[in-house]
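The file final25.csv contains CSV, C-alpha atoms:
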```csv
chain,number,residue,atom,x,y,z
G,1400,MET,CA,137.2,-0.8,128.5
G,1401,LYS,CA,135.6,-3.8,126.8
G,1402,ARG,CA,132.3,-3.3,128.8
G,1403,LYS,CA,132.3,0.4,127.8
G,1404,LEU,CA,132.8,-0.4,124.2
G,1405,LEU,CA,130.0,-3.0,124.1
G,1406,ALA,CA,127.7,-0.6,126.0
G,1407,GLY,CA,128.5,2.1,123.4
G,1408,LEU,CA,127.8,-0.2,120.5
G,1409,ALA,CA,124.5,-1.3,122.1
G,1410,LEU,CA,123.5,2.3,122.6
G,1411,ALA,CA,124.4,3.2,119.1
G,1412,ALA,CA,122.4,0.2,117.8
G,1413,PHE,CA,119.4,1.2,119.9
G,1414,ALA,CA,119.5,4.8,118.6
G,1415,ALA,CA,119.8,3.7,115.0
G,1416,ALA,CA,117.0,1.1,115.1
G,1417,PRO,CA,114.0,3.5,115.1
G,1418,ALA,CA,115.4,5.3,112.1
G,1419,LEU,CA,115.4,2.1,110.1
G,1420,ALA,CA,111.8,1.2,111.0
G,1421,GLN,CA,110.3,4.5,112.0
G,1422,THR,CA,106.5,4.7,112.0
G,1423,ASP,CA,105.0,8.1,112.5
G,1424,THR,CA,101.5,8.7,113.9
G,1425,ILE,CA,98.5,10.5,112.5
G,1426,THR,CA,96.2,11.3,115.4
G,1427,LEU,CA,92.5,11.7,114.7
G,1428,GLY,CA,90.7,13.7,117.4
G,1429,THR,CA,87.0,13.6,118.4
G,1430,ALA,CA,84.7,14.5,121.3
G,1431,VAL,CA,81.7,12.2,121.4
G,1432,GLN,CA,78.9,11.3,123.8
G,1433,LEU,CA,80.3,8.8,126.2
G,1434,SER,CA,78.1,9.8,129.1
G,1435,GLY,CA,74.8,11.6,129.4
G,1436,LYS,CA,71.6,11.2,127.5
G,1437,ASP,CA,73.2,10.3,124.2
G,1438,ALA,CA,75.8,7.9,125.5
G,1439,ASN,CA,74.0,4.8,124.1
G,1440,THR,CA,74.5,6.2,120.5
G,1441,GLY,CA,77.8,7.8,121.3
G,1442,ARG,CA,79.3,4.4,121.9
G,1443,TYR,CA,78.9,3.4,118.3
G,1444,TYR,CA,81.2,6.2,117.3
G,1445,ARG,CA,83.8,5.5,120.0
G,1446,ASP,CA,83.9,1.8,119.1
G,1447,ALA,CA,83.8,2.1,115.4
G,1448,TYR,CA,86.5,4.8,115.3
G,1449,GLN,CA,88.8,2.6,117.3
G,1450,LEU,CA,88.0,-0.6,115.3
G,1451,ALA,CA,88.7,1.2,112.0
G,1452,VAL,CA,91.9,2.7,113.3
G,1453,ASP,CA,93.1,-0.7,114.6
G,1454,ARG,CA,92.1,-2.5,111.3
G,1455,ILE,CA,93.9,0.0,109.1
G,1456,ASN,CA,97.0,-0.2,111.3
G,1457,GLU,CA,96.9,-4.0,111.2
G,1458,LYS,CA,96.9,-3.8,107.4
G,1459,GLY,CA,100.0,-1.8,107.4
G,1460,GLY,CA,98.9,1.8,107.9
G,1461,ILE,CA,99.4,4.5,105.3
G,1462,THR,CA,102.4,5.4,103.2
G,1463,VAL,CA,102.9,9.1,102.8
G,1464,GLY,CA,106.0,10.6,101.2
G,1465,GLY,CA,107.9,7.4,101.7
G,1466,LYS,CA,107.0,7.1,105.4
G,1467,THR,CA,104.7,4.6,107.0
G,1468,TYR,CA,102.1,6.2,109.2
G,1469,LYS,CA,99.8,4.5,111.7
G,1470,PHE,CA,96.6,6.0,113.0
G,1471,ALA,CA,95.8,6.9,116.6
G,1472,VAL,CA,92.5,8.2,117.8
G,1473,LYS,CA,92.1,10.5,120.8
G,1474,ILE,CA,88.5,10.3,122.1
G,1475,LEU,CA,87.1,12.8,124.6
G,1476,ASP,CA,83.7,12.7,126.4
G,1477,ASN,CA,81.5,15.7,125.6
G,1478,GLN,CA,79.0,14.4,128.2
G,1479,SER,CA,76.1,15.0,125.8
G,1480,ASP,CA,76.7,18.7,126.2
G,1481,THR,CA,77.0,20.7,123.0
G,1482,ASN,CA,78.8,23.6,124.6
G,1483,LEU,CA,81.4,21.3,126.2
G,1484,GLY,CA,81.9,19.6,122.9
G,1485,VAL,CA,83.0,22.9,121.3
G,1486,GLN,CA,85.5,23.5,124.1
G,1487,LEU,CA,86.9,20.0,123.7
G,1488,TYR,CA,87.4,20.4,120.0
G,1489,GLY,CA,89.3,23.6,120.7
G,1490,GLN,CA,91.4,21.6,123.2
G,1491,LEU,CA,92.0,18.8,120.7
G,1492,ILE,CA,93.3,21.4,118.1
G,1493,THR,CA,95.2,23.9,120.2
G,1494,ARG,CA,96.6,21.8,123.1
G,1495,ASP,CA,96.5,18.2,122.0
G,1496,LYS,CA,97.6,19.1,118.4
G,1497,VAL,CA,95.6,16.3,116.8
G,1498,THR,CA,96.2,16.0,113.0
G,1499,PHE,CA,92.6,15.8,111.8
G,1500,LEU,CA,89.1,15.6,113.3
G,1501,LEU,CA,86.4,13.0,113.4
G,1502,GLY,CA,82.9,14.2,114.3
G,1503,PRO,CA,80.4,13.8,117.2
G,1504,TYR,CA,77.0,12.3,117.2
G,1505,SER,CA,73.9,14.5,116.4
G,1506,SER,CA,73.3,17.3,113.9
G,1507,GLN,CA,73.3,20.0,116.6
G,1508,ASP,CA,76.7,18.9,117.9
G,1509,ALA,CA,78.1,18.6,114.3
G,1510,ILE,CA,76.8,22.2,113.5
G,1511,SER,CA,78.6,23.6,116.6
G,1512,ASP,CA,81.8,21.5,116.5
G,1513,SER,CA,82.4,21.9,112.8
G,1514,ALA,CA,82.8,25.7,113.4
G,1515,MET,CA,86.1,24.8,115.1
G,1516,SER,CA,87.3,22.8,112.2
G,1517,GLU,CA,86.5,25.7,109.9
G,1518,LYS,CA,88.1,28.3,112.2
G,1519,TYR,CA,91.4,26.4,112.3
G,1520,GLU,CA,91.1,25.0,108.8
G,1521,ILE,CA,91.5,21.4,109.9
G,1522,PRO,CA,89.3,18.8,108.0
G,1523,MET,CA,86.5,17.1,109.9
G,1524,VAL,CA,84.8,14.0,108.6
G,1525,GLN,CA,81.7,13.2,110.5
G,1526,GLY,CA,79.0,10.5,110.3
G,1527,GLY,CA,76.8,11.7,113.1
G,1528,GLY,CA,75.0,14.8,111.7
G,1529,ALA,CA,72.6,14.8,108.7
G,1530,SER,CA,70.9,18.2,108.9
G,1531,GLY,CA,71.3,20.3,105.8
G,1532,GLN,CA,72.2,23.2,108.0
G,1533,ILE,CA,75.7,21.7,108.6
G,1534,PHE,CA,76.4,21.9,104.9
G,1535,SER,CA,74.6,25.1,103.9
G,1536,ARG,CA,76.9,27.6,105.5
G,1537,GLY,CA,79.6,27.5,102.8
G,1538,TYR,CA,82.1,25.7,105.1
G,1539,LYS,CA,85.0,24.0,103.3
G,1540,TYR,CA,86.4,21.7,106.0
G,1541,VAL,CA,83.4,19.6,107.2
G,1542,PHE,CA,82.3,16.5,105.3
G,1543,GLY,CA,79.4,14.1,106.2
G,1544,THR,CA,78.7,10.5,105.6
G,1545,LEU,CA,75.0,10.5,106.6
G,1546,PRO,CA,72.4,11.2,103.8
G,1547,GLU,CA,70.6,14.5,104.2
G,1548,ALA,CA,67.9,14.7,106.8
G,1549,GLU,CA,65.5,16.4,104.4
G,1550,ASN,CA,65.3,13.1,102.4
G,1551,TYR,CA,65.1,10.6,105.2
G,1552,PHE,CA,61.5,9.6,104.4
G,1553,ARG,CA,62.0,9.6,100.6
G,1554,SER,CA,62.2,5.8,100.3
G,1555,THR,CA,59.4,5.3,102.8
G,1556,LEU,CA,57.0,7.4,100.8
G,1557,ALA,CA,58.1,5.7,97.6
G,1558,MET,CA,57.2,2.4,99.2
G,1559,LEU,CA,53.8,3.6,100.5
G,1560,ALA,CA,52.9,4.6,96.9
G,1561,GLN,CA,53.0,0.9,96.0
G,1562,LEU,CA,51.1,-0.5,98.9
G,1563,GLU,CA,47.3,-1.2,99.3
G,1564,PRO,CA,45.3,0.2,100.9
G,1565,ARG,CA,46.8,3.5,99.7
G,1566,VAL,CA,47.9,6.1,102.2
G,1567,GLN,CA,46.3,9.5,101.7
G,1568,THR,CA,46.6,11.4,105.0
G,1569,VAL,CA,49.7,11.6,107.2
G,1570,ALA,CA,50.6,12.8,110.7
G,1571,LEU,CA,54.1,14.3,110.7
G,1572,ILE,CA,55.5,14.6,114.3
G,1573,SER,CA,59.0,15.9,114.9
G,1574,ALA,CA,61.2,17.3,117.6
G,1575,ASP,CA,62.6,20.8,117.5
G,1576,ASP,CA,66.3,20.0,117.3
G,1577,ALA,CA,68.4,20.8,114.1
G,1578,PHE,CA,68.1,17.4,112.6
G,1579,ASP,CA,64.3,17.1,113.0
G,1580,VAL,CA,63.6,20.6,111.9
G,1581,ALA,CA,65.4,19.8,108.7
G,1582,LEU,CA,63.6,16.4,108.5
G,1583,ALA,CA,60.2,18.0,108.8
G,1584,LYS,CA,61.0,20.7,106.2
G,1585,GLY,CA,62.1,18.2,103.7
G,1586,THR,CA,59.3,15.7,104.4
G,1587,ARG,CA,56.7,18.4,103.8
G,1588,GLU,CA,58.0,18.8,100.3
G,1589,LEU,CA,58.2,15.1,99.8
G,1590,LEU,CA,54.5,14.8,100.9
G,1591,LYS,CA,53.5,17.4,98.3
G,1592,THR,CA,55.3,15.5,95.6
G,1593,ALA,CA,53.7,12.3,96.6
G,1594,GLY,CA,50.2,13.9,96.6
G,1595,LEU,CA,49.7,13.2,100.3
G,1596,ARG,CA,48.1,15.5,102.8
G,1597,ALA,CA,49.5,16.2,106.3
G,1598,VAL,CA,46.5,16.4,108.5
G,1599,ILE,CA,48.8,16.8,111.5
G,1600,ASP,CA,52.1,18.7,111.4
G,1601,GLN,CA,53.2,18.9,115.0
G,1602,GLN,CA,56.5,19.8,116.6
G,1603,TYR,CA,57.5,18.9,120.2
G,1604,ALA,CA,60.4,20.0,122.5
G,1605,ILE,CA,63.4,17.7,122.3
G,1606,LYS,CA,63.8,15.4,125.4
G,1607,SER,CA,60.0,15.4,125.9
G,1608,SER,CA,58.6,12.3,127.5
G,1609,ASP,CA,54.8,13.0,127.7
G,1610,PHE,CA,53.1,12.6,124.3
G,1611,SER,CA,49.5,12.3,125.5
G,1612,SER,CA,48.3,15.5,123.8
G,1613,ILE,CA,49.9,14.5,120.4
G,1614,LEU,CA,48.5,11.0,120.7
G,1615,SER,CA,45.0,12.4,121.5
G,1616,LEU,CA,45.2,14.5,118.4
G,1617,ILE,CA,46.2,11.4,116.4
G,1618,LYS,CA,43.3,9.5,117.8
G,1619,THR,CA,40.8,12.3,117.0
G,1620,THR,CA,42.2,12.9,113.5
G,1621,ALA,CA,42.8,9.3,112.5
G,1622,PRO,CA,45.5,9.7,109.8
G,1623,ASP,CA,46.4,6.8,107.6
G,1624,ALA,CA,50.1,7.0,108.4
G,1625,LEU,CA,52.4,8.3,111.1
G,1626,LEU,CA,55.9,9.7,110.3
G,1627,TRP,CA,57.8,10.3,113.6
G,1628,GLY,CA,61.1,12.1,113.9
G,1629,GLY,CA,63.0,12.4,117.2
G,1630,LEU,CA,65.4,10.7,119.6
G,1631,ALA,CA,65.2,6.9,120.2
G,1632,SER,CA,64.1,7.5,123.8
G,1633,GLU,CA,61.2,9.6,122.6
G,1634,ALA,CA,60.1,7.1,120.0
G,1635,LEU,CA,60.1,4.4,122.8
G,1636,ASP,CA,58.0,6.7,125.1
G,1637,ALA,CA,55.6,7.4,122.2
G,1638,ILE,CA,55.1,3.7,121.4
G,1639,ARG,CA,54.5,2.7,125.0
G,1640,GLN,CA,52.0,5.5,125.5
G,1641,SER,CA,50.3,4.7,122.2
G,1642,LYS,CA,49.7,1.2,123.4
G,1643,SER,CA,48.5,2.4,126.8
G,1644,LEU,CA,46.0,4.7,125.1
G,1645,ASN,CA,45.2,2.3,122.2
G,1646,VAL,CA,46.2,5.0,119.7
G,1647,SER,CA,47.5,4.1,116.2
G,1648,PRO,CA,47.1,5.4,112.7
G,1649,LYS,CA,45.0,3.4,110.3
G,1650,TYR,CA,47.7,1.6,108.4
G,1651,PHE,CA,51.3,2.6,109.1
G,1652,SER,CA,53.9,4.0,111.5
G,1653,SER,CA,57.5,4.8,110.8
G,1654,PHE,CA,60.3,6.2,113.0
G,1655,THR,CA,63.6,7.8,111.9
G,1656,VAL,CA,65.7,6.3,114.7
G,1657,GLY,CA,65.7,3.4,117.1
G,1658,VAL,CA,64.2,0.7,114.9
G,1659,PRO,CA,67.6,-0.7,113.5
G,1660,THR,CA,69.0,-1.3,117.0
G,1661,ALA,CA,68.8,-4.3,119.3
G,1662,ASP,CA,68.2,-1.9,122.2
G,1663,PHE,CA,64.9,-0.8,120.6
G,1664,ARG,CA,63.6,-4.3,120.3
G,1665,GLN,CA,64.8,-5.3,123.8
G,1666,ALA,CA,63.2,-2.3,125.3
G,1667,LEU,CA,59.8,-2.9,123.7
G,1668,GLY,CA,59.7,-6.6,123.4
G,1669,LYS,CA,56.6,-7.7,121.4
G,1670,ASP,CA,55.4,-4.1,121.2
G,1671,ALA,CA,58.2,-3.4,118.7
G,1672,GLU,CA,56.5,-5.7,116.2
G,1673,TYR,CA,55.4,-4.1,112.9
G,1674,ALA,CA,57.3,-0.9,113.5
G,1675,PHE,CA,58.9,0.6,110.3
G,1676,GLY,CA,62.1,2.5,110.3
G,1677,MET,CA,65.0,3.3,108.1
G,1678,THR,CA,68.7,2.8,107.8
G,1679,SER,CA,71.4,4.1,105.4
G,1680,TRP,CA,73.3,0.8,105.9
G,1681,TRP,CA,72.7,-2.9,105.9
G,1682,PRO,CA,75.5,-5.6,106.5
G,1683,ASP,CA,75.5,-6.8,102.9
G,1684,ALA,CA,78.4,-8.9,101.4
G,1685,ALA,CA,78.0,-6.8,98.2
G,1686,LEU,CA,79.5,-3.8,100.1
G,1687,LYS,CA,83.2,-4.6,99.5
G,1688,ASP,CA,85.8,-3.0,101.6
G,1689,GLU,CA,89.6,-2.6,101.3
G,1690,TRP,CA,90.3,-3.2,105.0
G,1691,PHE,CA,87.4,-5.3,106.3
G,1692,GLY,CA,86.7,-7.4,103.2
G,1693,ASP,CA,83.0,-6.6,103.1
G,1694,ALA,CA,80.1,-5.3,105.3
G,1695,VAL,CA,79.3,-8.7,106.7
G,1696,GLN,CA,82.8,-9.2,107.9
G,1697,PHE,CA,82.8,-5.8,109.5
G,1698,ASN,CA,79.5,-6.6,111.2
G,1699,GLU,CA,80.9,-9.9,112.6
G,1700,LEU,CA,84.2,-8.3,113.7
G,1701,TYR,CA,82.5,-5.4,115.4
G,1702,LYS,CA,80.1,-7.7,117.3
G,1703,GLN,CA,82.8,-10.1,118.3
G,1704,LYS,CA,84.9,-7.2,119.7
G,1705,TYR,CA,82.2,-5.2,121.5
G,1706,GLY,CA,79.4,-7.7,122.2
G,1707,TYR,CA,76.6,-5.9,120.4
G,1708,ASP,CA,75.5,-5.4,116.8
G,1709,PRO,CA,76.6,-2.3,114.9
G,1710,ASP,CA,74.1,-0.1,113.1
G,1711,TYR,CA,74.4,2.6,110.5
G,1712,HIS,CA,76.0,5.0,113.1
G,1713,ALA,CA,78.9,2.6,113.5
G,1714,ALA,CA,79.2,1.9,109.8
G,1715,SER,CA,79.3,5.5,108.9
G,1716,ALA,CA,81.9,6.2,111.7
G,1717,ALA,CA,84.2,3.5,110.3
G,1718,ALA,CA,83.8,4.9,106.9
G,1719,ASP,CA,84.9,8.3,108.2
G,1720,VAL,CA,88.2,6.9,109.3
G,1721,GLU,CA,88.6,5.2,105.9
G,1722,VAL,CA,88.0,8.6,104.2
G,1723,PHE,CA,91.1,9.9,105.9
G,1724,ALA,CA,93.1,6.9,105.0
G,1725,LYS,CA,92.2,7.3,101.3
G,1726,ALA,CA,92.6,11.0,101.2
G,1727,ILE,CA,95.9,11.2,103.0
G,1728,ALA,CA,97.4,8.6,100.8
G,1729,ALA,CA,96.1,10.4,97.7
G,1730,ALA,CA,97.3,13.8,99.0
G,1731,GLY,CA,100.9,12.5,99.7
G,1732,THR,CA,101.1,14.9,102.5
G,1733,LEU,CA,99.6,15.8,105.9
G,1734,ASP,CA,99.1,19.4,104.9
G,1735,PRO,CA,95.5,20.1,106.1
G,1736,LYS,CA,94.4,22.1,103.0
G,1737,THR,CA,95.8,19.5,100.6
G,1738,VAL,CA,94.1,16.7,102.5
G,1739,ARG,CA,90.9,18.7,102.6
G,1740,ASP,CA,91.0,18.9,98.8
G,1741,ALA,CA,91.7,15.2,98.5
G,1742,ILE,CA,88.7,14.4,100.7
G,1743,ALA,CA,86.5,16.4,98.4
G,1744,ARG,CA,87.7,14.1,95.5
G,1745,VAL,CA,87.4,10.7,97.2
G,1746,ASP,CA,85.3,8.1,95.4
G,1747,PHE,CA,85.6,4.5,96.7
G,1748,GLY,CA,83.5,1.5,97.7
G,1749,SER,CA,83.4,0.8,101.4
G,1750,LEU,CA,81.7,-1.3,104.0
G,1751,TYR,CA,79.2,1.5,104.3
G,1752,GLY,CA,78.5,2.2,100.6
G,1753,ARG,CA,79.9,4.4,97.9
G,1754,ILE,CA,81.8,7.3,99.4
G,1755,ARG,CA,81.6,10.3,97.2
G,1756,PHE,CA,80.9,13.8,98.5
G,1757,ALA,CA,78.8,16.5,96.8
G,1758,ALA,CA,80.1,20.0,96.4
G,1759,ASN,CA,78.6,20.9,99.8
G,1760,GLY,CA,80.5,18.1,101.5
G,1761,GLN,CA,77.6,15.7,102.1
G,1762,ILE,CA,77.1,12.2,100.8
G,1763,ASP,CA,74.0,10.9,99.0
G,1764,LEU,CA,72.9,7.5,100.0
G,1765,PRO,CA,69.3,6.0,99.8
G,1766,GLN,CA,67.6,5.0,103.0
G,1767,ILE,CA,66.6,1.3,103.3
G,1768,VAL,CA,63.1,0.9,104.7
G,1769,ILE,CA,63.1,-1.7,107.4
G,1770,GLN,CA,60.5,-3.4,109.6
G,1771,ILE,CA,60.6,-5.4,112.8
G,1772,GLN,CA,59.1,-8.9,112.0
G,1773,ASP,CA,59.1,-11.7,114.6
G,1774,GLY,CA,61.7,-9.8,116.7
G,1775,LYS,CA,64.1,-9.3,113.8
G,1776,VAL,CA,65.0,-6.3,111.6
G,1777,VAL,CA,64.0,-7.1,108.0
G,1778,PRO,CA,65.0,-4.9,105.0
G,1779,ILE,CA,61.8,-4.2,103.1
G,1780,PHE,CA,62.4,-1.6,100.4
G,1781,THR,CA,65.2,0.4,98.7
G,1782,ASP,CA,64.0,1.5,95.2
G,1783,GLN,CA,62.1,-1.8,95.0
G,1784,PHE,CA,60.8,-4.4,97.4
G,1785,VAL,CA,63.4,-6.8,98.8
G,1786,ASN,CA,61.1,-8.5,101.3
G,1787,LYS,CA,57.3,-8.4,101.9
G,1788,PRO,CA,56.1,-5.8,104.5
G,1789,ARG,CA,53.5,-6.7,107.1
G,1790,TYR,CA,50.9,-4.1,106.2
G,1791,PRO,CA,48.6,-2.6,107.2
G,1792,ILE,CA,49.7,-2.5,110.8
G,1793,PRO,CA,46.9,-3.8,113.0
G,1794,PRO,CA,45.7,-1.6,115.9
G,1795,TRP,CA,47.0,-2.3,119.3
G,1796,ASP,CA,43.8,-4.1,120.5
G,1797,LYS,CA,43.9,-6.4,117.5
G,1798,ARG,CA,47.4,-7.7,117.9
```

Let me see whether you can do it: turn the structure in this file into structure tokens.
Amino acid sequence: MKRKLLAGLALAAFAAAPALAQTDTITLGTAVQLSGKDANTGRYYRDAYQLAVDRINEKGGITVGGKTYKFAVKILDNQSDTNLGVQLYGQLITRDKVTFLLGPYSSQDAISDSAMSEKYEIPMVQGGGASGQIFSRGYKYVFGTLPEAENYFRSTLAMLAQLEPRVQTVALISADDAFDVALAKGTRELLKTAGLRAVIDQQYAIKSSDFSSILSLIKTTAPDALLWGGLASEALDAIRQSKSLNVSPKYFSSFTVGVPTADFRQALGKDAEYAFGMTSWWPDAALKDEWFGDAVQFNELYKQKYGYDPDYHAASAAADVEVFAKAIAAAGTLDPKTVRDAIARVDFGSLYGRIRFAANGQIDLPQIVIQIQDGKVVPIFTDQFVNKPRYPIPPWDKR
């Protein structure tokens, strides 16, 4: 009898304990590129999502309606397949019953996958797609933390206007995916405003690897500057083939992707020198953050945990999770529509920058012009020079 009584008391205590310290879970669901052609970039999103979730949980989670919630993240592999990604987001919503959605990498994937968030009226915050097409459809449930693709070269052209010798002619080369189509469209307008002439405006098929015809055109036309939009792998192939054929513009070359990453420098070695690029994020201690302290601390923690440096993809992904933390707490509920409205109103400083969405759901952040100098990424220009550029870029046979 005594043993039964003790067992009964122990069982009652066990049953009561969770009620005294109950922690509910908010599950964020995403399908990112963990394998396939975009896996190298997809890892930034996987790792940054997890790091931000862990950090917010370590700091106590979120209080909503008197309850403490912890984040969990469910990450599926879309295998760099856009169609599969759409199916997986459907699975996350209808079968896995995730609470809210984080985005994939790439504008094309964000365009397709956000249709699922809109259909089921579940907010998606994504830092992987920048094309204006994502935000021009009147959708209410998708938000983006990358600046719009159409303005990616805005800071670059502002910098060129202050350099001597002056650039007057430009070769604009871009892929035919959603991001780069938007990039090219916006850059054409920026060139007009800057008084520059595009002597080459060429589009190539995404995933191309042979750029000999484009490079021959550049050699014949001899533009002052080259503005290149495409995947990092394409930029690497273009640079290698440029060196092989001794093709370069007179003064300047800039690439939308690749330049900020250690992989780019390792792949090219000394051939990466002088390349200009851009980034919406730099690990600056001035970027204060509620959970990480500042961007420098985020940078160090990320590198310590994963063994490689974060770039703007990772920083924007971490900020996506923070958006949900801020919005859910402000909403005081997990109701999707109420949280959606709270996301639209967020305005806070983060490790990534100021998070504040325009009416269309996209953020506005300036690009930082960067250059590879002595094997390191150096910030050069925001709205003013922060370091001296190495300009003009010498031709391959003079390096």

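Minimum atom-to-atom distances from G:Gly1748, G:Gly1459, G:Gly1774, G:Pro1564 to G:Ala1718 were compared using only C-alpha atoms, and the lowest value belongs to G:Gly1748.
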
Closest of G:Glu1520, G:Asp1512, G:Asp1446, G:Asp1796 to G:Asp1734 - atom-to-atom distances counting all atoms listed in the file:
G:Glu1520

Counting all atoms listed in the file, which residue out of G:Leu1450, G:Val1463, G:Leu1545, G:Val1431 sits closest to G:Gln1478?
G:Val1431

With all atoms listed in the file counted and 10 Å as the cut-off, give the residues of stretch 1633-1676 of chain G in contact with stretch 1612-1624 of chain G, each with its shortest interatomic distance in Å and the pair that gives it, as a Markdown table.
```
| residue | atom | partner | partner_atom | distance |
| --- | --- | --- | --- | --- |
| G:Ala1637 | CA | G:Leu1614 | CA | 8.1 |
| G:Ile1638 | CA | G:Leu1614 | CA | 9.9 |
| G:Gln1640 | CA | G:Leu1614 | CA | 8.1 |
| G:Ser1641 | CA | G:Leu1614 | CA | 6.7 |
| G:Leu1644 | CA | G:Leu1614 | CA | 8.1 |
| G:Asn1645 | CA | G:Lys1618 | CA | 8.6 |
| G:Val1646 | CA | G:Lys1618 | CA | 5.7 |
| G:Ser1647 | CA | G:Lys1618 | CA | 7.0 |
| G:Pro1648 | CA | G:Asp1623 | CA | 5.3 |
| G:Lys1649 | CA | G:Asp1623 | CA | 4.6 |
| G:Tyr1650 | CA | G:Asp1623 | CA | 5.4 |
| G:Phe1651 | CA | G:Ala1624 | CA | 4.6 |
| G:Ser1652 | CA | G:Ala1624 | CA | 5.7 |
| G:Ser1653 | CA | G:Ala1624 | CA | 8.1 |
```

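Each of G:Tyr1519, G:Glu1549, G:Ile1605, G:Tyr1701 was compared to G:Gln1507 using all atoms listed in the file, and G:Ile1605 turns out to be the nearest.
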
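Put simply, atom CA of G:Arg1798 is 10.7 Å away from atom CA of G:Lys1642.
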
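We find atom CA of G:Ile1727 and atom CA of G:Ile1425 to be spaced 9.9 Å apart.
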
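Here atom CA of G:Arg1494 stands at a distance of 18.0 Å from atom CA of G:Asn1482.
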